[in-house]
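In what follows, a structure is listed as C-alpha cells, so that the remarks can point back to it.
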Amino acid sequence: MSWMPTASRETIRSRAEQLAYLRGFFARRHVLEVETPVLGRHGASDPHLDSVAAMLSPANGIAGGQGWLQTSPEYHMKRLLARDGESIFQVFRAFRDGERGRRHNPEFSLLEWYRPGFDDHALMTEVGELVCQWLERNPPARVRYRDAFLEAAQLDPFRATDDSLREAAGRALDDAVLAGSLARDDCLDVLMSHVVEPALAGEGAVFVHDYPPSQAALARVSRVGSEPVAHRFELFVDGLELCNGYWELTDAAEQAERFDADNRQRRALAKTDMPADPELLAAMSSGLPDCAGVALGLDRLLMLKLGLPSIEQVLTFPAERA
Amino acid sequence: MASYSTNEFRGGLKVMLDGDPCIMLENEFVKPGKGQAFNRVKLRNLMTNRVWERTFKSGDSLEAADVIDQEMEYVYTDGEFWYFMATDGSFEQYPAGERAVGDALKWLKEQDVYTVTLYNGSPLIVTPPNFVELEVVDTDPGMKGDTAQGGSKPATLSTGAVVNVPLFISIGEVLKVDTRSGDYVGRVKT
C-alpha cells in the first residue's frame with residue numbers, strides 16, 4: 001500500500017535516538033548547531049552532482065529567479081566560518097537529482113561539521129569516535145588511497161598510465177568498450193566502486209585518505225613526501241561509503257580555478273554550467289580559517305546501526321512515495 | 001526506434017543488447033559520492049536464455065526491443081510446433097517452437113488463453129496465466145477423514161504436470177494451480 005511509510009515504527013524511533021546521540025556528542029564538544037538555506041541561488045559545481053532546480057517568484061522588491069536545492073550545506077557553512085570562525089555542525093536535508101538506488105534517495109539527511117584548527121587526521125579521529133561509539137565498533141583503520149588500490153587492484157592510482165587504468169577498469173566492468181570511453185578519474189571511480197569497496201567490505205570500518213589531486217574536490221593539495229596528495233578522506237563501514245571529508249582548501253584563487261575546471265568538465269558531459277558562487281569566493285578572499293570539514297550520510301549510518309540493507313527501510317517515505 | 005535511458009531501467013524492461021532481445025531482471029545504481037554513476041544490470045537474453053551482467057554509465061541508453069505481448073488461445077500441436085491463435089478477432093495463427101513454449105508446456109490446455117511475446121512477428125516466449133484449472137488424471141485413491149492431517153501426495157494433471165495435492169483429492173477433480181510456483185491452490189467446484 002503506497003500510502004504506508006516504508007520504515008518500521010522501531011526504525012523511526014531509532015532515528016530519533018540517533019539525532020539525540022549526535023546532538024549530545026557535539027554539545028559535549030562545544031560545537032554549535034546551525035541552520036543554513038536548503039534553497040540557494042547557487043548550486044554545487046561538482047561534475048557528477050546534479051542539483052534539483054527550484055523557481056522563486058519575485059516578492060516585495062526582492063528578485064526571484066532560478067534557485068537550487070542544495071546538494072550539501074558546504075558553501076553557506078563556509079561563509080559562516082569566514083565571519084565567525086567557530087566550530088559548527090548541521091543536520092541538513094540535502095538533494096541530489098537522479099540518485100535513487102539501494103543506497104541512494106534524491107532527498108537525504110546529511111550531517112556536516114567544520115572544525116577550525118583541525119587537519120584531516122584530527123578530524124578523522126573525531127569522525128571515528130562519533131561513528132564507532134554509536135555503532136559500538138572498534139576505531140576505524142586508516143589506509144592511503146594508493147595502498148588500498150595496490151592491495152585490491154594491484155596498481156598505483158597516482159602513477160599508472162591512463163591505458164593501464166582503462167584496461168583494469170575494463171576487467172572490473174567486463175566491458176573493454178565502455179572502459180575505453182572513460183576518463184582517468186572515471187576509471188578510478190570504477191575501480192573504487194567495483195574492486196576497492198568490495199575488498200574493504202570485510203574490513204569493518206576503514207578510512208581511505210590521501211587522494212590523487214585530480215580527486216581533490218574541495219580539499220587542499222600539498223606534498224606528502226615527494227608527491228602532491230589531496231587531503232581528502234572517506235570512511236567505509238562494511239564497504240558502505242559513509243562520509244567524505246577535507247582539510248579544506250582556503251585559497252580563493254585556487255577555488256575559482258576549480259570552479260572553472262568543474263564547469264569545463266560539465267560542458268564536456270553536456271550538463272548546464274553552475275557559475276562560481278561569488279559570495280563563497282568573496283568569503284574565502286576575506287579569509288576562511290584553517291579548518292577541516294566533513295559530510296556524513298545519516299540514512300546510511302542508521303542502516304548500519306540497524307543492519308538494514310536498503311535505504312527505504314530507514315526512510316519514512318522514499319522519493320516514489322513522497 | 002524507442003530507447004530507454006538508465007534512469008528508466010527497471011525489472012521487466014525488454015531491450016536490445018548485442019543484437020538480441022533481452023529482459024531486465026535487476027538494476028543496481030552504483031555511485032561514489034563525488035564520482036561517475038553507473039547502473040549494474042542483470043539481463044536475460046531471450047534468444048539463448050543466458051543471464052548477462054552488464055554495467056552502463058548513467059545517462060547511457062539502450063534500444064527498446066521490438067517485442068509485443070499478445071493474448072492468444074492455444075489451439076493444437078503437431079509435435080514440432082505449438083499453434084496459438086490471436087484473440088483480437090484476426091484468427092491469425094502463430095507456430096511456437098519448443099524453446100518459446102519452454103516451461104509453459106506443462107500448463108498448456110486447448111482453448112485456454114496465454115500471453116505470447118512476439119519478436120519480429122514470431123513467438124519468442126509463451127507465458128501461462130498465473131493460475132490455471134486442470135483435471136486430475138492420476139493419483140492414489142483418496143483417503144476420507146484425513147483432511148486435517150495436512151499430508152500430501154503427487155497428482156498427475158491432464159497436461160502431464162505433476163503437483164503435490166492434499167490426500168483427499170481424487171481422479172476427475174479439477175484443481176486450481178499457481179503456474180509460477182507449481183503449487184496446488186484449491187479445488188474448483190464444478
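We label chains A, B, ... in the order they appear in the C-alpha cells, count residues from 1 in each chain, and number ligands from 1 in the order shown.
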Report as a list of chain:residue names the set of chain A residues whose atoms approach chain B to within 7 Å, with distances computed over only C-alpha atoms.
->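 The complete set of qualifying residues is A:His48, A:Leu49, A:Arg100, A:Gly101, A:Leu173, A:Asp186, A:Asp189, A:Ser193.
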How would the residues just picked look written out with N, CA, C and O atoms as an mmCIF file, in the first residue's frame?
```cif
data_model
loop_
_atom_site.group_PDB
_atom_site.id
_atom_site.type_symbol
_atom_site.label_atom_id
_atom_site.label_comp_id
_atom_site.auth_asym_id
_atom_site.auth_seq_id
_atom_site.Cartn_x
_atom_site.Cartn_y
_atom_site.Cartn_z
ATOM 1 N N HIS A 48 29.793 15.542 -11.209
ATOM 2 C CA HIS A 48 28.924 14.380 -11.051
ATOM 3 C C HIS A 48 27.830 14.569 -10.011
ATOM 4 O O HIS A 48 27.251 13.615 -9.534
ATOM 5 N N LEU A 49 27.571 15.827 -9.625
ATOM 6 C CA LEU A 49 26.436 16.108 -8.748
ATOM 7 C C LEU A 49 25.437 16.970 -9.501
ATOM 8 O O LEU A 49 25.810 17.956 -10.121
ATOM 9 N N ARG A 100 18.856 7.392 -7.169
ATOM 10 C CA ARG A 100 17.930 6.520 -6.456
ATOM 11 C C ARG A 100 18.407 5.094 -6.637
ATOM 12 O O ARG A 100 18.622 4.645 -7.761
ATOM 13 N N GLY A 101 18.588 4.402 -5.563
ATOM 14 C CA GLY A 101 19.036 3.017 -5.610
ATOM 15 C C GLY A 101 18.994 2.445 -4.211
ATOM 16 O O GLY A 101 18.407 3.053 -3.306
ATOM 17 N N LEU A 173 34.703 -4.129 -15.178
ATOM 18 C CA LEU A 173 33.361 -3.985 -15.742
ATOM 19 C C LEU A 173 33.019 -5.144 -16.659
ATOM 20 O O LEU A 173 31.865 -5.303 -17.052
ATOM 21 N N ASP A 186 37.180 8.723 -14.043
ATOM 22 C CA ASP A 186 36.059 7.781 -14.093
ATOM 23 C C ASP A 186 36.571 6.357 -13.877
ATOM 24 O O ASP A 186 35.923 5.548 -13.209
ATOM 25 N N ASP A 189 37.101 5.869 -10.316
ATOM 26 C CA ASP A 189 35.811 5.660 -9.642
ATOM 27 C C ASP A 189 35.299 4.239 -9.848
ATOM 28 O O ASP A 189 34.754 3.625 -8.927
ATOM 29 N N SER A 193 34.593 1.658 -6.871
ATOM 30 C CA SER A 193 33.289 1.079 -6.535
ATOM 31 C C SER A 193 33.188 -0.411 -6.864
ATOM 32 O O SER A 193 32.443 -1.126 -6.220
#
```
Excluding B:Thr179 and residues on its chain fewer than 6 positions from it, collect all residues at most 9 Å away from it, counting only C-alpha atoms, and give them as a PyMOL selection string.
-> chain B and resi 104+107+128-132
Just N, CA and C atoms for this one: save the residues we selected as a short mmCIF file (atom, residue, chain, number, x, y, z; two decimals), in the first residue's frame.
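Saved result, out_5.cif, follows:
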```cif
data_model
loop_
_atom_site.label_atom_id
_atom_site.label_comp_id
_atom_site.auth_asym_id
_atom_site.auth_seq_id
_atom_site.Cartn_x
_atom_site.Cartn_y
_atom_site.Cartn_z
N ALA B 104 6.14 -23.38 -20.11
CA ALA B 104 4.69 -23.26 -20.22
C ALA B 104 4.07 -24.56 -20.70
N TRP B 107 1.60 -26.53 -18.73
CA TRP B 107 0.34 -25.88 -18.35
C TRP B 107 -0.55 -25.63 -19.57
N PRO B 128 2.18 -18.60 -19.34
CA PRO B 128 0.84 -19.03 -18.93
C PRO B 128 0.24 -18.00 -17.98
N PRO B 129 -1.10 -18.01 -17.83
CA PRO B 129 -1.69 -17.15 -16.80
C PRO B 129 -1.18 -17.59 -15.43
N ASN B 130 -1.27 -16.71 -14.43
CA ASN B 130 -0.74 -17.06 -13.09
C ASN B 130 -1.43 -18.29 -12.50
N PHE B 131 -2.73 -18.44 -12.83
CA PHE B 131 -3.47 -19.59 -12.31
C PHE B 131 -4.13 -20.33 -13.47
N VAL B 132 -4.05 -21.66 -13.45
CA VAL B 132 -4.77 -22.47 -14.45
C VAL B 132 -5.62 -23.49 -13.70
#
```
d(atom CA of B:Val177, atom CA of B:Trp82) in Å | 21.8 Å
Might you pull out every residue within 8 Å of stretch 7-12 of chain A, with only C-alpha atoms counted and same-chain residues fewer than 4 positions away left off, and present them as a list of chain:residue names?
->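 Surrounding residues, per the criterion: A:Ala16, A:Leu306, A:Glu312, A:Gln313, A:Val314, A:Leu315, A:Thr316, A:Phe317.
Distances from B:Tyr74, B:Phe81, B:Phe91, B:Trp52 to B:Thr127 were compared using only C-alpha atoms, and the smallest one belongs to B:Tyr74.
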Within 6 Å of stretch 248-254 of chain A using only C-alpha atoms, minus same-chain residues under 6 positions, as a list of chain:residue names |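 Contacts, in chain order: A:Leu218, A:Ala219, A:Arg220, A:Leu281, A:Met284, A:Ser285, A:Leu288, A:Cys291, A:Ala292.
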Show which residues sit within 8 Å of B:Glu73, as number ranges by chain. Count only C-alpha atoms, and ignore same-chain residues fewer than 3 positions away.
-> B: 84-87, 110-114
Would you list the contacts of B:Asp69 as a VMD selection string, taking every protein, DNA or RNA residue within 7 Å and counting only C-alpha atoms, but skipping same-chain residues closer than 6 positions in sequence?
-> chain B and resid 115 to 118
Resulting file, chosen residues, all heavy atoms, as a compact mmCIF listing (two decimals), in the first residue's frame:
```txt
# COMPACT_ATOMS: atom_id res chain seq x y z
N THR B 115 -0.21 -15.53 -22.77
CA THR B 115 0.44 -14.33 -23.30
C THR B 115 1.60 -14.78 -24.18
O THR B 115 2.51 -15.46 -23.71
CB THR B 115 0.95 -13.45 -22.15
OG1 THR B 115 -0.13 -13.12 -21.31
CG2 THR B 115 1.58 -12.17 -22.70
N VAL B 116 1.55 -14.39 -25.45
CA VAL B 116 2.62 -14.77 -26.37
C VAL B 116 3.41 -13.50 -26.70
O VAL B 116 2.84 -12.50 -27.14
CB VAL B 116 2.05 -15.41 -27.64
CG1 VAL B 116 3.17 -15.74 -28.63
CG2 VAL B 116 1.27 -16.67 -27.30
N THR B 117 4.72 -13.53 -26.43
CA THR B 117 5.58 -12.39 -26.75
C THR B 117 6.13 -12.59 -28.15
O THR B 117 6.80 -13.59 -28.42
CB THR B 117 6.73 -12.29 -25.73
OG1 THR B 117 6.16 -12.22 -24.42
CG2 THR B 117 7.57 -11.05 -25.97
N LEU B 118 5.80 -11.64 -29.04
CA LEU B 118 6.23 -11.74 -30.44
C LEU B 118 7.46 -10.87 -30.66
O LEU B 118 7.52 -9.74 -30.20
CB LEU B 118 5.12 -11.27 -31.37
CG LEU B 118 3.84 -12.11 -31.39
CD1 LEU B 118 2.79 -11.41 -32.27
CD2 LEU B 118 4.10 -13.52 -31.90
```
What is the distance between atom CA of A:Ser51 and atom CA of A:Arg184, in Å to one decimal?
->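 Separation of atom CA of A:Ser51 and atom CA of A:Arg184: 24.2 Å.
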Pick from B:Gly151, B:Thr48, B:Leu175, B:Asp66 nearest to B:Val15, counting only C-alpha atoms | B:Asp66
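Between atom CA of B:Ile68 and atom CA of B:Gly102 lies a distance of 18.1 Å.
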Tell me, which residues of stretch 1-179 of chain B carry DSSP helix (DSSP H, G or I), written as a CSV table (one decimal) with all heavy atoms, in the first residue's frame?
```
chain,number,residue,atom,x,y,z
B,6,THR,N,19.2,5.1,-18.7
B,6,THR,CA,19.4,4.3,-17.5
B,6,THR,C,18.5,4.7,-16.4
B,6,THR,O,18.1,3.9,-15.5
B,6,THR,CB,20.9,4.6,-16.9
B,6,THR,OG1,21.1,6.0,-16.9
B,6,THR,CG2,21.9,3.9,-17.8
B,7,ASN,N,18.0,6.0,-16.4
B,7,ASN,CA,17.1,6.3,-15.3
B,7,ASN,C,15.7,5.7,-15.5
B,7,ASN,O,14.8,5.9,-14.6
B,7,ASN,CB,17.0,7.9,-15.0
B,7,ASN,CG,16.7,8.6,-16.3
B,7,ASN,OD1,16.0,8.1,-17.2
B,7,ASN,ND2,17.1,9.9,-16.3
B,8,GLU,N,15.4,5.1,-16.6
B,8,GLU,CA,14.2,4.4,-16.8
B,8,GLU,C,14.3,2.8,-16.6
B,8,GLU,O,13.4,2.1,-16.7
B,8,GLU,CB,13.6,4.6,-18.2
B,8,GLU,CG,13.3,6.1,-18.5
B,8,GLU,CD,13.0,6.3,-20.0
B,8,GLU,OE1,14.0,6.3,-20.8
B,8,GLU,OE2,11.8,6.4,-20.3
B,98,GLU,N,9.7,-25.2,-29.5
B,98,GLU,CA,9.9,-25.8,-28.2
B,98,GLU,C,10.5,-24.8,-27.2
B,98,GLU,O,10.1,-24.7,-26.0
B,98,GLU,CB,10.7,-27.0,-28.3
B,98,GLU,CG,10.6,-27.9,-27.0
B,98,GLU,CD,11.4,-29.2,-27.2
B,98,GLU,OE1,11.7,-29.6,-28.4
B,98,GLU,OE2,11.6,-29.9,-26.2
B,99,ARG,N,11.5,-24.0,-27.7
B,99,ARG,CA,12.2,-23.1,-26.8
B,99,ARG,C,11.3,-21.9,-26.4
B,99,ARG,O,11.3,-21.5,-25.2
B,99,ARG,CB,13.4,-22.5,-27.5
B,99,ARG,CG,14.5,-22.1,-26.6
B,99,ARG,CD,15.8,-21.7,-27.3
B,99,ARG,NE,15.5,-21.0,-28.6
B,99,ARG,CZ,15.0,-19.8,-28.6
B,99,ARG,NH1,14.8,-19.1,-27.5
B,99,ARG,NH2,14.8,-19.2,-29.8
B,100,ALA,N,10.4,-21.5,-27.3
B,100,ALA,CA,9.5,-20.4,-26.9
B,100,ALA,C,8.4,-20.9,-25.9
B,100,ALA,O,8.1,-20.2,-25.0
B,100,ALA,CB,8.8,-19.9,-28.2
B,101,VAL,N,8.0,-22.1,-26.1
B,101,VAL,CA,7.0,-22.7,-25.2
B,101,VAL,C,7.6,-22.9,-23.8
B,101,VAL,O,7.0,-22.6,-22.8
B,101,VAL,CB,6.3,-24.0,-25.8
B,101,VAL,CG1,5.4,-24.6,-24.7
B,101,VAL,CG2,5.6,-23.6,-27.0
B,102,GLY,N,8.8,-23.5,-23.8
B,102,GLY,CA,9.6,-23.7,-22.6
B,102,GLY,C,8.8,-24.3,-21.5
B,102,GLY,O,8.1,-25.3,-21.7
B,103,ASP,N,8.8,-23.7,-20.3
B,103,ASP,CA,8.2,-24.3,-19.1
B,103,ASP,C,6.7,-24.2,-19.2
B,103,ASP,O,6.0,-24.8,-18.4
B,103,ASP,CB,8.6,-23.5,-17.8
B,103,ASP,CG,10.1,-23.9,-17.5
B,103,ASP,OD1,10.6,-24.9,-18.0
B,103,ASP,OD2,10.7,-23.2,-16.7
B,104,ALA,N,6.1,-23.4,-20.1
B,104,ALA,CA,4.7,-23.3,-20.2
B,104,ALA,C,4.1,-24.6,-20.7
B,104,ALA,O,2.9,-24.8,-20.5
B,104,ALA,CB,4.3,-22.1,-21.2
B,105,LEU,N,4.9,-25.4,-21.3
B,105,LEU,CA,4.4,-26.7,-21.9
B,105,LEU,C,3.5,-27.5,-20.9
B,105,LEU,O,2.5,-28.0,-21.3
B,105,LEU,CB,5.7,-27.5,-22.3
B,105,LEU,CG,5.3,-28.9,-23.0
B,105,LEU,CD1,4.6,-28.6,-24.3
B,105,LEU,CD2,6.6,-29.6,-23.3
B,106,LYS,N,4.0,-27.6,-19.7
B,106,LYS,CA,3.2,-28.4,-18.7
B,106,LYS,C,1.9,-27.8,-18.3
B,106,LYS,O,1.1,-28.4,-17.5
B,106,LYS,CB,4.0,-28.8,-17.6
B,106,LYS,CG,4.6,-27.7,-16.7
B,106,LYS,CD,5.4,-28.3,-15.6
B,106,LYS,CE,6.0,-27.2,-14.8
B,106,LYS,NZ,7.1,-27.6,-13.8
B,107,TRP,N,1.6,-26.5,-18.7
B,107,TRP,CA,0.3,-25.9,-18.4
B,107,TRP,C,-0.6,-25.6,-19.6
B,107,TRP,O,-1.6,-24.9,-19.5
B,107,TRP,CB,0.6,-24.5,-17.7
B,107,TRP,CG,1.6,-24.6,-16.5
B,107,TRP,CD1,2.8,-24.0,-16.5
B,107,TRP,CD2,1.4,-25.4,-15.3
B,107,TRP,NE1,3.4,-24.3,-15.3
B,107,TRP,CE2,2.6,-25.2,-14.5
B,107,TRP,CE3,0.4,-26.2,-14.8
B,107,TRP,CZ2,2.8,-25.8,-13.3
B,107,TRP,CZ3,0.6,-26.8,-13.5
B,107,TRP,CH2,1.8,-26.6,-12.8
```
Taking the DSSP assignment computed from this structure's backbone, write out as a PyMOL selection string all residues of stretch 123-262 of chain A that belong to strand (DSSP E).
-> chain A and resi 141-144+205-211+221-224+227-237+240-247
Take the residues from that selection and put them in a file with N, CA, C and O atoms, as a compact mmCIF listing (two decimals), in the first residue's frame.
```txt
# COMPACT_ATOMS: atom_id res chain seq x y z
N ALA A 141 40.37 1.64 10.97
CA ALA A 141 41.74 1.61 10.46
C ALA A 141 41.90 2.76 9.47
O ALA A 141 40.91 3.37 9.05
N ARG A 142 43.14 3.08 9.12
CA ARG A 142 43.39 4.13 8.12
C ARG A 142 44.28 3.56 7.03
O ARG A 142 45.31 2.95 7.33
N VAL A 143 43.88 3.75 5.80
CA VAL A 143 44.69 3.26 4.70
C VAL A 143 44.77 4.34 3.62
O VAL A 143 43.77 5.02 3.34
N ARG A 144 45.97 4.53 3.08
CA ARG A 144 46.12 5.52 2.00
C ARG A 144 45.41 5.01 0.76
O ARG A 144 45.40 3.81 0.48
N ALA A 205 35.35 -0.97 9.72
CA ALA A 205 35.40 0.47 9.47
C ALA A 205 36.81 0.87 9.03
O ALA A 205 37.78 0.58 9.72
N VAL A 206 36.91 1.52 7.86
CA VAL A 206 38.22 1.90 7.30
C VAL A 206 38.17 3.30 6.71
O VAL A 206 37.28 3.60 5.89
N PHE A 207 39.10 4.15 7.11
CA PHE A 207 39.27 5.44 6.44
C PHE A 207 40.19 5.25 5.25
O PHE A 207 41.27 4.66 5.38
N VAL A 208 39.80 5.77 4.08
CA VAL A 208 40.70 5.88 2.95
C VAL A 208 41.09 7.34 2.87
O VAL A 208 40.21 8.22 2.94
N HIS A 209 42.39 7.65 2.78
CA HIS A 209 42.81 9.06 2.79
C HIS A 209 43.97 9.29 1.82
O HIS A 209 44.48 8.34 1.23
N ASP A 210 44.35 10.55 1.66
CA ASP A 210 45.41 10.95 0.71
C ASP A 210 45.05 10.58 -0.72
O ASP A 210 45.62 9.65 -1.30
N TYR A 211 44.08 11.30 -1.27
CA TYR A 211 43.57 11.03 -2.63
C TYR A 211 44.47 11.65 -3.69
O TYR A 211 45.20 12.62 -3.41
N VAL A 221 45.59 20.61 -1.50
CA VAL A 221 46.58 19.67 -2.02
C VAL A 221 47.94 20.11 -1.50
O VAL A 221 48.27 21.29 -1.55
N SER A 222 48.71 19.17 -0.94
CA SER A 222 50.07 19.53 -0.54
C SER A 222 50.96 18.31 -0.73
O SER A 222 50.48 17.21 -0.96
N ARG A 223 52.27 18.57 -0.63
CA ARG A 223 53.20 17.46 -0.80
C ARG A 223 53.27 16.62 0.46
O ARG A 223 53.44 17.13 1.55
N VAL A 224 53.10 15.31 0.29
CA VAL A 224 53.36 14.37 1.38
C VAL A 224 54.49 13.50 0.84
O VAL A 224 54.29 12.76 -0.11
N GLU A 227 55.35 13.67 -3.27
CA GLU A 227 54.26 13.74 -4.22
C GLU A 227 53.10 14.58 -3.71
O GLU A 227 52.77 14.53 -2.52
N PRO A 228 52.44 15.34 -4.60
CA PRO A 228 51.27 16.08 -4.14
C PRO A 228 50.09 15.13 -3.89
O PRO A 228 49.82 14.26 -4.73
N VAL A 229 49.43 15.27 -2.74
CA VAL A 229 48.22 14.49 -2.46
C VAL A 229 47.12 15.43 -2.00
O VAL A 229 47.38 16.50 -1.46
N ALA A 230 45.87 15.01 -2.22
CA ALA A 230 44.72 15.77 -1.75
C ALA A 230 44.38 15.31 -0.35
O ALA A 230 44.28 14.11 -0.10
N HIS A 231 44.18 16.28 0.55
CA HIS A 231 43.87 15.93 1.95
C HIS A 231 42.38 15.67 2.10
O HIS A 231 41.66 16.41 2.76
N ARG A 232 41.96 14.61 1.44
CA ARG A 232 40.56 14.20 1.45
C ARG A 232 40.49 12.81 2.06
O ARG A 232 41.42 12.02 1.92
N PHE A 233 39.39 12.52 2.77
CA PHE A 233 39.23 11.16 3.31
C PHE A 233 37.78 10.72 3.19
O PHE A 233 36.87 11.54 3.11
N GLU A 234 37.62 9.42 3.11
CA GLU A 234 36.27 8.85 3.14
C GLU A 234 36.29 7.71 4.15
O GLU A 234 37.30 7.03 4.31
N LEU A 235 35.15 7.51 4.81
CA LEU A 235 35.03 6.38 5.73
C LEU A 235 34.12 5.33 5.11
O LEU A 235 33.02 5.64 4.64
N PHE A 236 34.60 4.10 5.05
CA PHE A 236 33.79 2.98 4.59
C PHE A 236 33.53 2.07 5.79
O PHE A 236 34.45 1.74 6.53
N VAL A 237 32.28 1.72 5.98
CA VAL A 237 31.95 0.76 7.04
C VAL A 237 31.28 -0.43 6.38
O VAL A 237 30.24 -0.27 5.72
N LEU A 240 30.32 0.20 2.90
CA LEU A 240 29.36 1.28 2.61
C LEU A 240 30.05 2.62 2.82
O LEU A 240 30.58 2.89 3.90
N GLU A 241 30.03 3.47 1.77
CA GLU A 241 30.64 4.80 1.85
C GLU A 241 29.79 5.67 2.77
O GLU A 241 28.62 5.87 2.51
N LEU A 242 30.41 6.17 3.86
CA LEU A 242 29.62 6.84 4.88
C LEU A 242 29.89 8.34 4.93
O LEU A 242 29.01 9.12 5.27
N CYS A 243 31.11 8.77 4.64
CA CYS A 243 31.38 10.20 4.74
C CYS A 243 32.51 10.61 3.81
O CYS A 243 33.24 9.77 3.27
N ASN A 244 32.61 11.91 3.63
CA ASN A 244 33.61 12.49 2.76
C ASN A 244 34.11 13.74 3.45
O ASN A 244 33.31 14.61 3.80
N GLY A 245 35.41 13.81 3.73
CA GLY A 245 35.92 14.96 4.49
C GLY A 245 37.17 15.55 3.85
O GLY A 245 37.86 14.90 3.06
N TYR A 246 37.43 16.83 4.21
CA TYR A 246 38.59 17.53 3.66
C TYR A 246 39.30 18.32 4.74
O TYR A 246 38.65 18.87 5.64
N TRP A 247 40.60 18.42 4.60
CA TRP A 247 41.31 19.54 5.19
C TRP A 247 41.11 20.62 4.14
O TRP A 247 41.59 20.50 3.02
```
Tell me, as a list of chain:residue names, which residues lie within 10 Å of A:Gly202, counting only C-alpha atoms; anything in the same chain fewer than 5 positions away does not count.
-> A:Glu197, A:Val237, A:Asp238, A:Gly239
